[in-house]
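input-v9.tsv follows (TSV, C-alpha atoms and all ligand atoms):
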```tsv
chain	number	residue	atom	x	y	z
A	23	MET	CA	-3.81	21.60	-8.18
A	24	PHE	CA	-1.56	18.54	-8.18
A	25	THR	CA	1.86	19.46	-6.82
A	26	LYS	CA	4.44	16.68	-6.66
A	27	GLU	CA	3.87	16.47	-2.92
A	28	THR	CA	0.09	16.13	-3.26
A	29	THR	CA	0.47	13.46	-5.93
A	30	GLU	CA	2.84	11.49	-3.73
A	31	ARG	CA	0.32	11.57	-0.90
A	32	LEU	CA	-2.56	10.60	-3.15
A	33	GLN	CA	-0.52	7.65	-4.43
A	34	GLN	CA	-0.54	6.14	-0.94
A	35	LEU	CA	-4.34	5.89	-0.84
A	36	GLU	CA	-6.66	3.20	-2.08
A	37	THR	CA	-8.35	4.28	-5.31
A	38	PRO	CA	-10.80	5.34	-6.68
A	39	PHE	CA	-11.79	8.38	-4.64
A	40	TYR	CA	-12.86	11.99	-5.05
A	41	TYR	CA	-10.21	14.53	-4.16
A	42	TYR	CA	-11.32	18.06	-3.27
A	43	ASP	CA	-9.02	21.08	-3.17
A	44	LEU	CA	-10.65	23.08	-0.39
A	45	ASP	CA	-8.55	26.21	-0.97
A	46	LEU	CA	-9.87	26.37	-4.52
A	47	LEU	CA	-13.41	25.85	-3.25
A	48	ARG	CA	-12.98	28.75	-0.80
A	49	GLU	CA	-11.51	30.99	-3.48
A	50	THR	CA	-14.41	30.18	-5.83
A	51	LEU	CA	-16.96	30.93	-3.12
A	52	ALA	CA	-15.27	34.20	-2.18
A	53	VAL	CA	-15.28	35.41	-5.79
A	54	ALA	CA	-18.84	34.25	-6.58
A	55	SER	CA	-20.39	35.64	-3.41
A	56	GLY	CA	-18.39	38.88	-3.75
A	57	GLU	CA	-19.49	39.44	-7.36
A	58	ALA	CA	-23.12	38.74	-6.44
A	59	ALA	CA	-23.02	41.06	-3.41
A	60	ASN	CA	-21.41	43.86	-5.46
A	61	ARG	CA	-24.55	43.92	-7.57
A	62	GLY	CA	-26.98	43.56	-4.68
A	63	PHE	CA	-27.82	39.93	-5.56
A	64	LYS	CA	-28.41	37.03	-3.21
A	65	LEU	CA	-26.64	33.70	-3.77
A	66	HIS	CA	-27.90	30.21	-2.98
A	67	TYR	CA	-26.12	26.90	-3.43
A	68	ALA	CA	-27.86	24.15	-5.43
A	69	VAL	CA	-27.20	21.26	-3.05
A	70	LYS	CA	-27.82	18.62	-5.74
A	71	ALA	CA	-24.42	19.45	-7.28
A	72	ASN	CA	-22.56	18.06	-4.28
A	73	PHE	CA	-24.05	17.15	-0.92
A	74	ASN	CA	-20.81	15.99	0.68
A	75	PRO	CA	-21.14	17.48	4.21
A	76	VAL	CA	-17.54	18.76	4.27
A	77	ILE	CA	-18.24	20.78	1.12
A	78	MET	CA	-21.68	21.86	2.34
A	79	LYS	CA	-20.36	23.20	5.67
A	80	ILE	CA	-17.73	25.31	3.91
A	81	ILE	CA	-20.32	26.73	1.53
A	82	ALA	CA	-22.71	27.52	4.39
A	83	GLY	CA	-19.85	29.46	6.01
A	84	TYR	CA	-19.89	31.93	3.10
A	85	GLY	CA	-23.43	32.98	3.91
A	86	LEU	CA	-25.15	31.33	0.94
A	87	GLY	CA	-28.72	30.04	1.12
A	88	ALA	CA	-29.54	26.46	0.07
A	89	ASP	CA	-31.60	25.34	-2.91
A	90	CYS	CA	-32.85	21.79	-2.26
A	91	VAL	CA	-34.69	19.27	-4.38
A	92	SER	CA	-35.72	16.70	-1.77
A	93	GLY	CA	-36.76	16.50	1.86
A	94	ASN	CA	-33.42	14.85	2.67
A	95	GLU	CA	-31.52	17.72	1.09
A	96	THR	CA	-33.47	20.25	3.15
A	97	LYS	CA	-32.63	18.32	6.34
A	98	LEU	CA	-28.96	18.00	5.46
A	99	ALA	CA	-28.69	21.67	4.49
A	100	VAL	CA	-29.93	22.74	7.91
A	101	GLU	CA	-27.66	20.19	9.67
A	102	CYS	CA	-24.68	21.58	7.73
A	103	GLY	CA	-25.33	25.14	8.87
A	104	PHE	CA	-27.53	26.71	6.20
A	105	PRO	CA	-30.22	28.67	8.05
A	106	ALA	CA	-33.69	27.13	7.55
A	107	ALA	CA	-34.88	30.65	6.77
A	108	GLU	CA	-32.52	30.67	3.76
A	109	THR	CA	-33.40	27.19	2.53
A	110	LEU	CA	-35.67	26.64	-0.48
A	111	PHE	CA	-37.40	23.50	-1.65
A	112	ALA	CA	-37.91	23.19	-5.41
A	113	GLY	CA	-38.75	20.05	-7.35
A	114	VAL	CA	-41.35	18.81	-9.75
A	115	GLY	CA	-42.45	15.89	-7.55
A	116	LYS	CA	-42.46	16.71	-3.84
A	117	SER	CA	-43.98	13.91	-1.76
A	118	ASP	CA	-46.41	14.67	1.09
A	119	ARG	CA	-43.82	13.48	3.57
A	120	GLU	CA	-41.17	15.80	2.08
A	121	ILE	CA	-43.54	18.76	2.22
A	122	GLU	CA	-44.23	17.99	5.89
A	123	THR	CA	-40.50	17.71	6.66
A	124	ALA	CA	-39.82	21.06	5.04
A	125	LEU	CA	-42.71	22.75	6.86
A	126	GLN	CA	-41.54	21.35	10.20
A	127	LEU	CA	-38.02	22.60	9.52
A	128	GLY	CA	-39.41	26.06	8.80
A	129	ILE	CA	-37.78	26.47	5.38
A	130	SER	CA	-38.09	29.84	3.72
A	131	CYS	CA	-40.00	28.91	0.59
A	132	PHE	CA	-41.46	26.17	-1.61
A	133	ASN	CA	-40.95	26.71	-5.31
A	134	ALA	CA	-44.20	25.22	-6.56
A	135	GLU	CA	-44.27	23.64	-9.98
A	136	SER	CA	-47.95	22.88	-10.65
A	137	VAL	CA	-51.50	23.87	-9.79
A	138	GLU	CA	-52.07	20.53	-8.11
A	139	GLU	CA	-48.96	20.91	-5.97
A	140	ILE	CA	-50.09	24.31	-4.65
A	141	GLY	CA	-53.34	22.70	-3.49
A	142	VAL	CA	-51.47	19.90	-1.72
A	143	ILE	CA	-49.06	22.30	0.04
A	144	ASP	CA	-52.04	24.38	1.19
A	145	GLU	CA	-53.80	21.30	2.53
A	146	ILE	CA	-50.73	19.96	4.40
A	147	ALA	CA	-49.85	23.38	5.83
A	148	GLY	CA	-53.44	23.72	7.07
A	149	ARG	CA	-53.29	20.31	8.72
A	150	LEU	CA	-50.02	21.24	10.51
A	151	GLY	CA	-51.33	24.67	11.49
A	152	LYS	CA	-48.61	26.41	9.48
A	153	LYS	CA	-48.40	28.95	6.70
A	154	ALA	CA	-46.37	27.86	3.68
A	155	VAL	CA	-44.46	30.50	1.79
A	156	VAL	CA	-44.65	29.73	-1.92
A	157	ALA	CA	-42.97	31.03	-5.05
A	158	LEU	CA	-44.18	30.00	-8.49
A	159	ARG	CA	-41.64	28.19	-10.59
A	160	ILE	CA	-42.52	29.44	-14.04
A	161	ASN	CA	-41.38	27.68	-17.18
A	162	PRO	CA	-40.24	30.70	-19.20
A	163	ASN	CA	-39.98	28.82	-22.52
A	164	VAL	CA	-36.44	30.08	-23.10
A	165	GLU	CA	-34.03	27.82	-24.99
A	166	ALA	CA	-30.82	27.25	-22.99
A	167	HIS	CA	-28.57	26.03	-25.85
A	168	THR	CA	-26.98	23.35	-23.71
A	169	ILE	CA	-26.94	19.54	-23.61
A	170	LYS	CA	-30.47	18.39	-24.50
A	171	HIS	CA	-30.64	16.18	-21.39
A	172	ILE	CA	-30.18	19.09	-19.00
A	173	THR	CA	-32.42	21.72	-20.62
A	174	THR	CA	-35.33	22.50	-18.31
A	175	GLY	CA	-36.96	25.78	-19.34
A	176	THR	CA	-38.84	25.10	-22.57
A	177	ASP	CA	-42.49	24.20	-23.01
A	178	GLU	CA	-41.66	20.55	-23.72
A	179	ASN	CA	-40.04	20.01	-20.31
A	180	LYS	CA	-41.81	18.72	-17.23
A	181	PHE	CA	-40.55	21.59	-15.09
A	182	GLY	CA	-42.43	24.65	-13.87
A	183	ILE	CA	-45.81	26.21	-14.49
A	184	ARG	CA	-46.43	27.10	-18.12
A	185	ILE	CA	-47.08	30.77	-18.84
A	186	ALA	CA	-50.46	29.81	-20.33
A	187	GLU	CA	-51.53	28.55	-16.90
A	188	LEU	CA	-50.54	31.63	-14.92
A	189	GLU	CA	-53.96	33.25	-15.02
A	190	ARG	CA	-55.47	30.17	-13.36
A	191	VAL	CA	-52.67	29.91	-10.78
A	192	THR	CA	-52.87	33.51	-9.66
A	193	ALA	CA	-56.64	33.19	-9.16
A	194	LEU	CA	-56.05	30.04	-7.13
A	195	LEU	CA	-53.47	31.72	-4.88
A	196	GLU	CA	-56.14	34.07	-3.61
A	197	GLU	CA	-58.28	31.15	-2.46
A	198	MET	CA	-55.53	29.34	-0.56
A	199	GLU	CA	-55.68	30.19	3.12
A	200	ASN	CA	-52.47	28.55	4.22
A	201	ILE	CA	-50.24	29.87	1.48
A	202	LYS	CA	-48.33	33.09	1.36
A	203	TYR	CA	-47.19	34.11	-2.12
A	204	ARG	CA	-43.58	35.23	-2.16
A	205	GLY	CA	-42.40	35.51	-5.73
A	206	ILE	CA	-41.28	33.73	-8.86
A	207	HIS	CA	-38.58	31.24	-9.76
A	208	PHE	CA	-36.96	30.13	-13.02
A	209	HIS	CA	-34.31	27.64	-14.03
A	210	ILE	CA	-33.69	27.14	-17.71
A	211	GLY	CA	-30.95	24.50	-17.71
A	212	SER	CA	-27.44	23.66	-16.69
A	213	GLN	CA	-23.91	23.95	-18.19
A	214	ILE	CA	-24.90	27.13	-20.05
A	215	THR	CA	-21.85	28.74	-21.61
A	216	ASP	CA	-23.60	31.15	-23.98
A	217	LEU	CA	-24.39	34.04	-21.63
A	218	HIS	CA	-26.70	35.53	-24.24
A	219	VAL	CA	-29.26	32.96	-23.15
A	220	TYR	CA	-29.53	34.76	-19.81
A	221	ARG	CA	-30.31	38.02	-21.57
A	222	ASN	CA	-33.32	36.26	-23.13
A	223	LEU	CA	-34.32	35.02	-19.67
A	224	CYS	CA	-34.12	38.58	-18.29
A	225	LEU	CA	-36.41	39.88	-21.05
A	226	ARG	CA	-38.97	37.19	-20.25
A	227	ILE	CA	-38.69	37.97	-16.50
A	228	ASN	CA	-39.30	41.67	-17.23
A	229	GLU	CA	-42.54	40.83	-19.09
A	230	LEU	CA	-43.74	38.52	-16.33
A	231	TRP	CA	-42.87	40.99	-13.59
A	232	GLU	CA	-44.99	43.61	-15.34
A	233	TRP	CA	-47.88	41.19	-15.85
A	234	LEU	CA	-47.86	40.11	-12.19
A	235	THR	CA	-47.36	43.63	-10.82
A	236	ASP	CA	-50.35	44.84	-12.87
A	237	ARG	CA	-52.43	42.19	-11.09
A	238	GLY	CA	-51.28	43.21	-7.61
A	239	LEU	CA	-48.84	40.27	-7.37
A	240	GLU	CA	-45.52	42.08	-7.49
A	241	PRO	CA	-42.95	39.43	-6.51
A	242	ALA	CA	-40.90	40.14	-3.36
A	243	ASP	CA	-38.33	37.66	-4.61
A	244	ILE	CA	-37.24	36.74	-8.12
A	245	ASN	CA	-35.08	33.63	-8.20
A	246	VAL	CA	-33.41	33.29	-11.60
A	247	GLY	CA	-32.08	29.75	-11.01
A	248	GLY	CA	-28.60	28.51	-11.80
A	249	GLY	CA	-26.90	26.95	-14.79
A	250	LEU	CA	-23.68	28.89	-15.27
A	251	GLY	CA	-21.41	26.56	-17.26
A	252	ILE	CA	-17.72	25.81	-16.81
A	253	SER	CA	-14.90	24.90	-19.19
A	254	TYR	CA	-14.47	21.12	-19.12
A	255	GLU	CA	-11.66	21.43	-21.72
A	256	ASP	CA	-9.67	23.80	-19.53
A	257	PRO	CA	-10.40	22.79	-15.93
A	258	ASP	CA	-8.15	25.48	-14.45
A	259	ARG	CA	-10.15	28.29	-16.04
A	260	PHE	CA	-12.20	30.13	-13.40
A	261	PRO	CA	-15.98	30.40	-14.06
A	262	PRO	CA	-16.96	33.85	-15.43
A	263	PHE	CA	-18.98	34.95	-12.39
A	264	ALA	CA	-18.65	38.71	-13.00
A	265	ASP	CA	-19.81	38.49	-16.64
A	266	TYR	CA	-22.68	36.26	-15.64
A	267	PHE	CA	-24.07	38.51	-12.90
A	268	GLU	CA	-23.49	41.54	-15.08
A	269	VAL	CA	-25.95	40.22	-17.69
A	270	PHE	CA	-28.68	40.35	-15.06
A	271	SER	CA	-27.62	43.79	-13.80
A	272	ARG	CA	-27.85	45.11	-17.34
A	273	HIS	CA	-30.98	43.46	-18.61
A	274	LEU	CA	-33.40	43.21	-15.71
A	275	ASP	CA	-35.83	46.12	-15.77
A	276	SER	CA	-34.52	48.93	-13.56
A	277	ARG	CA	-38.01	49.35	-12.05
A	278	ILE	CA	-37.79	45.92	-10.40
A	279	GLN	CA	-37.36	46.29	-6.62
A	280	SER	CA	-37.54	42.57	-5.82
A	281	THR	CA	-34.67	40.64	-4.22
A	282	ILE	CA	-32.85	38.87	-7.05
A	283	SER	CA	-31.53	35.43	-6.06
A	284	PHE	CA	-29.38	32.92	-7.89
A	285	GLU	CA	-28.88	29.24	-7.17
A	286	LEU	CA	-25.59	27.98	-8.56
A	287	GLY	CA	-24.30	24.44	-8.31
A	288	ARG	CA	-21.76	23.35	-10.91
A	289	SER	CA	-19.80	26.61	-11.17
A	290	LEU	CA	-19.21	26.60	-7.40
A	291	THR	CA	-18.02	23.04	-6.85
A	292	ALA	CA	-17.00	21.38	-10.14
A	293	GLY	CA	-13.51	22.85	-10.38
A	294	CYS	CA	-12.30	21.84	-6.92
A	295	GLY	CA	-13.03	18.12	-7.37
A	296	SER	CA	-11.28	15.37	-9.32
A	297	LEU	CA	-11.91	11.66	-9.50
A	298	ILE	CA	-8.61	9.92	-8.75
A	299	SER	CA	-8.04	6.46	-10.16
A	300	LYS	CA	-5.24	4.00	-10.83
A	301	VAL	CA	-4.51	2.34	-14.15
A	302	LEU	CA	-5.23	-1.37	-13.89
A	303	PHE	CA	-4.21	-2.45	-17.38
A	304	VAL	CA	-3.10	-1.08	-20.73
A	305	LYS	CA	-4.63	-3.30	-23.39
A	306	PRO	CA	-4.14	-3.20	-27.15
A	307	GLY	CA	-7.44	-3.31	-29.10
A	308	ALA	CA	-7.99	-3.76	-32.85
A	309	ARG	CA	-8.01	0.00	-33.50
A	310	GLU	CA	-7.11	1.66	-30.23
A	311	THR	CA	-5.17	1.09	-27.05
A	312	PHE	CA	-7.37	0.88	-23.97
A	313	VAL	CA	-6.33	2.30	-20.63
A	314	ILE	CA	-8.46	0.42	-18.10
A	315	LEU	CA	-8.99	2.37	-14.86
A	316	ASP	CA	-10.22	1.19	-11.50
A	317	ALA	CA	-12.84	3.98	-11.61
A	318	GLY	CA	-15.87	3.54	-13.81
A	319	MET	CA	-19.21	5.01	-14.77
A	320	THR	CA	-20.47	3.97	-11.32
A	321	ASP	CA	-18.12	6.58	-9.83
A	322	LEU	CA	-18.59	9.30	-12.47
A	323	LEU	CA	-21.68	8.83	-14.59
A	324	ARG	CA	-21.64	11.99	-16.70
A	325	PRO	CA	-19.65	10.65	-19.68
A	326	ALA	CA	-21.84	7.53	-19.97
A	327	LEU	CA	-25.09	9.42	-19.39
A	328	TYR	CA	-24.60	12.62	-21.39
A	329	HIS	CA	-21.49	11.86	-23.52
A	330	ALA	CA	-19.91	14.53	-21.35
A	331	SER	CA	-16.17	14.89	-21.62
A	332	HIS	CA	-13.89	15.58	-18.65
A	333	ARG	CA	-10.21	16.30	-19.00
A	334	ILE	CA	-8.08	13.32	-18.01
A	335	GLU	CA	-4.54	13.75	-16.67
A	336	ASN	CA	-1.89	11.15	-15.93
A	337	LEU	CA	-0.33	12.53	-12.74
A	338	THR	CA	2.65	10.19	-12.59
A	339	SER	CA	4.02	9.73	-16.13
A	340	GLU	CA	6.30	12.18	-17.90
A	341	LEU	CA	6.86	9.98	-20.95
A	342	PRO	CA	6.11	11.19	-24.50
A	343	PRO	CA	2.41	11.37	-25.45
A	344	ARG	CA	0.35	8.64	-27.09
A	345	LYS	CA	-3.33	8.21	-27.97
A	346	TYR	CA	-5.56	6.09	-25.73
A	347	THR	CA	-9.18	5.23	-25.12
A	348	VAL	CA	-9.77	5.47	-21.38
A	349	VAL	CA	-12.38	3.12	-19.95
A	350	GLY	CA	-13.58	1.76	-16.61
A	351	PRO	CA	-14.12	-1.77	-15.32
A	352	ILE	CA	-17.95	-1.87	-15.60
A	353	CYS	CA	-19.66	-4.38	-17.89
A	354	GLU	CA	-21.02	-1.70	-20.25
A	355	THR	CA	-19.50	-0.31	-23.44
A	356	THR	CA	-20.65	3.20	-22.44
A	357	ASP	CA	-18.25	2.95	-19.49
A	358	THR	CA	-15.81	5.14	-21.42
A	359	PHE	CA	-14.22	8.35	-20.15
A	360	GLY	CA	-12.52	9.44	-23.37
A	361	LYS	CA	-11.80	8.12	-26.85
A	362	TYR	CA	-8.48	8.61	-28.65
A	363	ILE	CA	-7.24	11.12	-26.12
A	364	GLU	CA	-3.62	12.13	-25.71
A	365	LEU	CA	-1.83	11.12	-22.50
A	366	PRO	CA	1.83	10.66	-21.65
A	367	GLU	CA	2.71	7.01	-22.22
A	368	THR	CA	0.68	5.24	-19.57
A	369	ARG	CA	1.41	2.07	-17.61
A	370	ARG	CA	-0.19	-0.13	-14.98
A	371	GLY	CA	-0.15	1.62	-11.59
A	372	ASP	CA	-0.12	5.18	-12.95
A	373	LEU	CA	-2.33	7.67	-11.10
A	374	VAL	CA	-4.97	9.43	-13.19
A	375	ALA	CA	-7.13	12.48	-12.37
A	376	ILE	CA	-10.46	13.05	-14.09
A	377	ARG	CA	-10.94	16.77	-13.65
A	378	SER	CA	-13.93	19.09	-13.05
A	379	ALA	CA	-15.72	16.33	-11.18
A	380	GLY	CA	-16.69	18.26	-8.04
A	381	ALA	CA	-20.26	18.76	-9.28
A	382	TYR	CA	-22.65	15.97	-10.29
A	383	GLY	CA	-19.84	13.46	-9.68
A	384	GLU	CA	-19.81	11.91	-6.22
A	385	VAL	CA	-23.55	12.57	-5.80
A	386	MET	CA	-24.42	10.54	-8.88
A	387	ALA	CA	-22.24	7.54	-7.96
A	388	MET	CA	-24.02	4.20	-7.73
A	389	ARG	CA	-23.47	0.60	-6.72
A	390	TYR	CA	-24.06	-1.19	-10.06
A	391	ASN	CA	-21.88	-4.33	-10.31
A	392	MET	CA	-21.90	-4.22	-6.50
A	393	ARG	CA	-19.19	-1.60	-6.50
A	394	SER	CA	-18.29	0.30	-3.35
A	395	LEU	CA	-19.14	3.99	-3.39
A	396	PRO	CA	-16.02	6.15	-3.83
A	397	ALA	CA	-14.45	7.69	-0.73
A	398	SER	CA	-13.70	11.41	-0.51
A	399	VAL	CA	-10.37	13.00	0.33
A	400	PHE	CA	-9.75	16.68	1.06
A	401	SER	CA	-6.73	18.93	1.01
A	402	GLY	CA	-6.01	20.16	4.52
A	403	ASP	CA	-3.46	22.22	6.41
A	404	LYS	CA	-1.98	19.11	7.99
A	405	GLY	CA	-2.07	16.82	4.98
A	406	LEU	CA	-4.98	14.92	3.54
A	407	ILE	CA	-8.27	14.31	5.32
A	408	ILE	CA	-10.06	11.12	4.37
A	409	ARG	CA	-13.79	10.39	4.64
A	410	GLN	CA	-15.02	6.90	3.74
A	501	LIG	N1	-31.76	25.27	-9.67
A	501	LIG	C1	-32.52	24.26	-10.13
A	501	LIG	C2	-33.96	24.33	-9.96
A	501	LIG	C3	-31.93	23.15	-10.78
A	501	LIG	O1	-32.69	22.18	-11.24
A	501	LIG	C4	-30.52	23.10	-10.92
A	501	LIG	C5	-29.87	21.98	-11.57
A	501	LIG	C6	-29.76	24.18	-10.39
A	501	LIG	C7	-30.41	25.24	-9.78
A	501	LIG	C8	-28.26	24.21	-10.45
A	501	LIG	O2	-27.78	24.26	-11.74
A	501	LIG	P1	-26.20	24.43	-12.03
A	501	LIG	O3	-25.79	25.80	-11.55
A	501	LIG	O4	-25.52	23.35	-11.29
A	501	LIG	O5	-26.10	24.25	-13.49
A	501	LIG	N2	-26.58	16.08	-13.65
A	501	LIG	C9	-26.41	17.08	-14.69
A	501	LIG	C10	-26.89	18.45	-14.24
A	501	LIG	C11	-28.33	18.47	-13.80
A	501	LIG	C12	-28.74	19.83	-13.28
A	501	LIG	C13	-30.07	19.77	-12.62
A	501	LIG	N3	-30.53	21.01	-12.08
A	501	LIG	C14	-24.95	17.10	-15.12
A	501	LIG	O6	-24.18	16.32	-14.61
A	501	LIG	O7	-24.58	17.89	-15.98
```
In structure tokens, what does this structure look like?
Amino acid sequence: MFTKETTERLQQLETPFYYYDLDLLRETLAVASGEAANRGFKLHYAVKANFNPVIMKIIAGYGLGADCVSGNETKLAVECGFPAAETLFAGVGKSDREIETALQLGISCFNAESVEEIGVIDEIAGRLGKKAVVALRINPNVEAHTIKHITTGTDENKFGIRIAELERVTALLEEMENIKYRGIHFHIGSQITDLHVYRNLCLRINELWEWLTDRGLEPADINVGGGLGISYEDPDRFPPFADYFEVFSRHLDSRIQSTISFELGRSLTAGCGSLISKVLFVKPGARETFVILDAGMTDLLRPALYHASHRIENLTSELPPRKYTVVGPICETTDTFGKYIELPETRRGDLVAIRSAGAYGEVMAMRYNMRSLPASVFSGDKGLIIRQ
């Protein structure tokens, strides 16, 4: 990803910033959408992973739908070229204003997460003289075996309608005049690397499909969510799209005629993005040597928030390796990107890349300590393209 020429160009720019390799993004999209299409599956992009418009427009160009979690995301998705008719709105707390926005845009479907929400969507749709298409987001109570903070599909989580409530919800659907039932939706968590977990999800979906079909509510669409994990240790390893989709091909009941949709975020955009930073100081501590970067947890929050680890590369030193603790400039001890990690001997002014940062990186940046938000820079045919 970082040829000598690219590194030289990046060195000219003010740091920190996100750098996106758009060729890699295109390659990832071509493979993911190809593998999905080969199995007759439909692919959506989970906009929350990266809503940078340059990235969004490229993704829309590959014919994906958009999975949105706020009214603003639905608006942006349509502005960036995702058809409204392929745009979904899921989220555990949709405000009345957001529901109105989405109805006015004519999005394809609301993934409803509670009995109360279905009532509110019905009421707002009635007031606007519209019909709202609704899928039920069901909490399948399937353990995702991932970071505790990003598990969403067990009974303890706030997400989705619990299976125990389904009887009540299906009765309610019949009473709602302004709602058209479309199908069911699941999402069990993110950064899932044990594909076996998805087999368990398929088995639960098969049971629910049968239960609903028996009651005359055969889903036209089954959205199985996202969550495919990536290798943070080896950022150049391509996500296992074929293996992932194959689990669903194998384990979903062959009687199911519904459209099967996926909504991937991380596996589509993480690999193409890196946070680029310069070394401000190299400071000896009592037990470790600190490399102090000009990027901090305000630019990439994942390590501080989830103890997530991203591979760190010194792009400009070829000296023998040493062990360092890499930190940012923020006034928090959790502002640490890596402890006792090996880097070539590092000096003030060196350029560092924090890899696999194209998903849940730029979008989670914040202004704590009155920091500026990071800029974004893209690979392009005629050199780098910069967006402040
Ligand atoms: N669908 C729904 C309903 C979701 O909630 C999510 C992610 C996705 C799809 C996309 O999941 P993916 O394919 O990206 O795993 N900030 C955390 C991740 C939070 C994920 C939230 N939901 C992180 O940095 O790891």
Counting all atoms listed in the file, which residues of chain A fall within 8 Å of ligand LIG 501 (chain A), and what is the closest atom pair for each with its distance in Å at one decimal, ordered by chain and rising number, as a Markdown table?
```
| residue | atom | partner | partner_atom | distance |
| --- | --- | --- | --- | --- |
| A:Tyr67 | CA | A:LIG501 | C8 | 7.8 |
| A:Ala68 | CA | A:LIG501 | C8 | 5.0 |
| A:Lys70 | CA | A:LIG501 | C5 | 7.0 |
| A:Ala71 | CA | A:LIG501 | O4 | 5.7 |
| A:Asp89 | CA | A:LIG501 | N1 | 6.8 |
| A:Val91 | CA | A:LIG501 | C2 | 7.6 |
| A:Ala112 | CA | A:LIG501 | C2 | 6.1 |
| A:Gly113 | CA | A:LIG501 | C2 | 6.9 |
| A:His171 | CA | A:LIG501 | C9 | 8.0 |
| A:Ile172 | CA | A:LIG501 | C11 | 5.6 |
| A:Thr174 | CA | A:LIG501 | O1 | 7.6 |
| A:Phe208 | CA | A:LIG501 | C2 | 7.2 |
| A:His209 | CA | A:LIG501 | C2 | 5.3 |
| A:Gly211 | CA | A:LIG501 | O5 | 6.4 |
| A:Ser212 | CA | A:LIG501 | O5 | 3.5 |
| A:Gln213 | CA | A:LIG501 | O5 | 5.2 |
| A:Ile214 | CA | A:LIG501 | O5 | 7.3 |
| A:Gly247 | CA | A:LIG501 | N1 | 4.7 |
| A:Gly248 | CA | A:LIG501 | O3 | 3.9 |
| A:Gly249 | CA | A:LIG501 | O5 | 3.1 |
| A:Leu250 | CA | A:LIG501 | O3 | 5.3 |
| A:Gly251 | CA | A:LIG501 | O5 | 6.4 |
| A:Phe284 | CA | A:LIG501 | C7 | 8.0 |
| A:Glu285 | CA | A:LIG501 | C7 | 5.0 |
| A:Leu286 | CA | A:LIG501 | O3 | 3.7 |
| A:Gly287 | CA | A:LIG501 | O4 | 3.4 |
| A:Arg288 | CA | A:LIG501 | O4 | 3.8 |
| A:Ser289 | CA | A:LIG501 | O3 | 6.1 |
| A:Leu290 | CA | A:LIG501 | O3 | 7.8 |
| A:Leu323 | CA | A:LIG501 | O6 | 7.9 |
| A:Arg324 | CA | A:LIG501 | O6 | 5.4 |
| A:Tyr328 | CA | A:LIG501 | O7 | 7.6 |
| A:Ala330 | CA | A:LIG501 | O7 | 7.9 |
| A:Ala381 | CA | A:LIG501 | O6 | 7.1 |
| A:Tyr382 | CA | A:LIG501 | O6 | 4.6 |
| A:Gly383 | CA | A:LIG501 | O6 | 7.2 |
| A:Met386 | CA | A:LIG501 | N2 | 7.6 |
```
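Closest approach to A:Thr368 from the set A:Arg309, A:Arg393, A:Lys300, A:Arg272 is made by A:Lys300, with distances taken over all atoms listed in the file.
Using only C-alpha atoms, the nearest neighbour of A:Leu239 within the list A:Pro262, A:Lys202, A:Ile210, A:Glu122 is A:Lys202.
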Q) If you measure from atom CA of A:Met78 to atom CA of A:Phe400, what distance in Å do you get, rounded to one decimal? A)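 That distance, rounded to one decimal, is 13.1 Å.
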Q. From the set A:Thr281, A:Ser276, A:Ser339, A:Thr320, which residue has the shortest atom-to-atom contact distance to A:Glu354, counting all atoms listed in the file?
A. A:Thr320
(Q) For a test of reading the model, state the distance in Å between atom CA of A:Asn163 and atom CA of A:Val269, rounded to one decimal. (A) 18.7 Å
Q) Excluding same-chain residues fewer than 2 positions from A:Ala292, what lies within 6 Å of it counting only C-alpha atoms, as a ChimeraX atom specification? A) /A:288,294-295,378-381
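Counting all atoms listed in the file and comparing A:Pro257, A:Gly85, A:Pro343, A:Gly93, the residue that lies closest to A:Leu127 is A:Gly93.
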Q: Using atom CA of A:Met198 and atom CA of A:Gly87 as the two end points, give the distance in Å to one decimal.
A: 26.9 Å
Determine the axis-aligned bounding box of all atoms of stretch 292-301 of chain A present in the file, pad each side by 4 Å, and express its centre and edge lengths in Å to one decimal place as JSON.
```
{"center_x": -10.8, "center_y": 12.6, "center_z": -10.5, "size_x": 20.5, "size_y": 28.5, "size_z": 15.2}
```
